[in-house]
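Q: First the structure, which I've put down as C-alpha cells, then a few questions once you've had a look.
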Amino acid sequence: MHTKSGLQYFPFDVDFFMDDKIQLISADHQLKGEVIVIRLLCKIYSNGYFYQLSEDQIALLARSLADGTRPDEVRAVIESATD
C-alpha cells in the first residue's frame, strides 16, 4: 500500500488575490509571480508544511513554467513573498 506524505489538498482562500502581499507580488512580477507562489504552496503542502528549497528545485520550478522563466526570477518572487 502506498502512503502519501503531505496533504492531498489545501484550502485556497477565495480572497487570495486580494491579499496585500499577493497584490504586491503581482504588481512587481505580474501573473508569473502569482503562479510561482501558487506552485510553491503546492510543493510546500505536498510535503507537509515545510519544503527545503534548493537551487535545483528553483531551476526545475522555473523550467516548469515553460515560458522562459529564469531561476533568478523565481528567486525574486520568493524574496518578495518572504519579506
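In the C-alpha cells, the first chain shown is A, the next is B, and so on; residue numbers restart at 1 for each chain, and ligands run from 1 in the order shown.
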Quick one: everything within 8 Å of stretch 12-26 of chain A, counting only C-alpha atoms, minus sequence neighbours fewer than 5 positions away in the same chain. Send it as a list in words.
A: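 The neighbour list is Leu31, Lys32, Gly33, Glu34, Val77, Ser80 and Ala81 of chain A.
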Q: Which residues come within 8 Å of stretch 41-53 of chain A, counting only C-alpha atoms, excluding same-chain residues fewer than 5 positions away, as a ChimeraX atom specification?
A: /A:5-10,58
Q: For the residues in that selection, give me N, CA, C and O atoms as a CSV table (one decimal), in the first residue's frame.
A:
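Contents of the output file selection_38.csv:
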chain,number,residue,atom,x,y,z
A,5,SER,N,2.8,11.1,1.6
A,5,SER,CA,3.1,12.1,2.6
A,5,SER,C,2.5,13.5,2.2
A,5,SER,O,2.2,13.7,1.1
A,6,GLY,N,2.4,14.3,3.2
A,6,GLY,CA,1.9,15.6,2.9
A,6,GLY,C,0.4,15.6,2.8
A,6,GLY,O,-0.3,14.7,3.2
A,7,LEU,N,-0.2,16.7,2.2
A,7,LEU,CA,-1.6,16.8,2.2
A,7,LEU,C,-2.1,16.5,0.7
A,7,LEU,O,-1.4,16.7,-0.2
A,8,GLN,N,-3.4,16.0,0.7
A,8,GLN,CA,-4.0,15.7,-0.6
A,8,GLN,C,-4.5,17.0,-1.3
A,8,GLN,O,-4.5,17.2,-2.5
A,9,TYR,N,-4.9,18.0,-0.4
A,9,TYR,CA,-5.3,19.3,-0.9
A,9,TYR,C,-5.1,20.3,0.2
A,9,TYR,O,-4.8,19.9,1.4
A,10,PHE,N,-5.1,21.5,-0.1
A,10,PHE,CA,-5.1,22.6,0.9
A,10,PHE,C,-6.1,23.6,0.6
A,10,PHE,O,-6.5,23.8,-0.6
A,58,ILE,N,14.6,25.3,-7.6
A,58,ILE,CA,14.3,26.6,-8.1
A,58,ILE,C,14.4,26.5,-9.7
A,58,ILE,O,13.6,27.0,-10.4
Q: Pick out each residue of chain A that DSSP on the backbone tags as helix (DSSP H, G or I); I need them as a ChimeraX atom specification.
A: /A:16-18,20-46,55-64,71-82
Q: Extract, using only C-alpha atoms, all DNA, RNA and protein residues at most 12 Å from A:Ser64, discarding same-chain residues fewer than 6 positions from it, and format them as a ChimeraX atom specification.
A: /A:32,35-36,39-40,57-58,70-71,74
Q: Which value, in Å to one decimal, gives the distance between atom CA of A:Arg63 and atom CA of A:Ala27?
A: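 These atoms are spaced 22.2 Å apart.
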Q: For A:Pro11, which residue out of A:Gly68, A:Ile38, A:Asp28, A:Leu60 is the nearest one, using only C-alpha atoms?
A: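 Ranked by minimum distance to A:Pro11, first place goes to A:Ile38.
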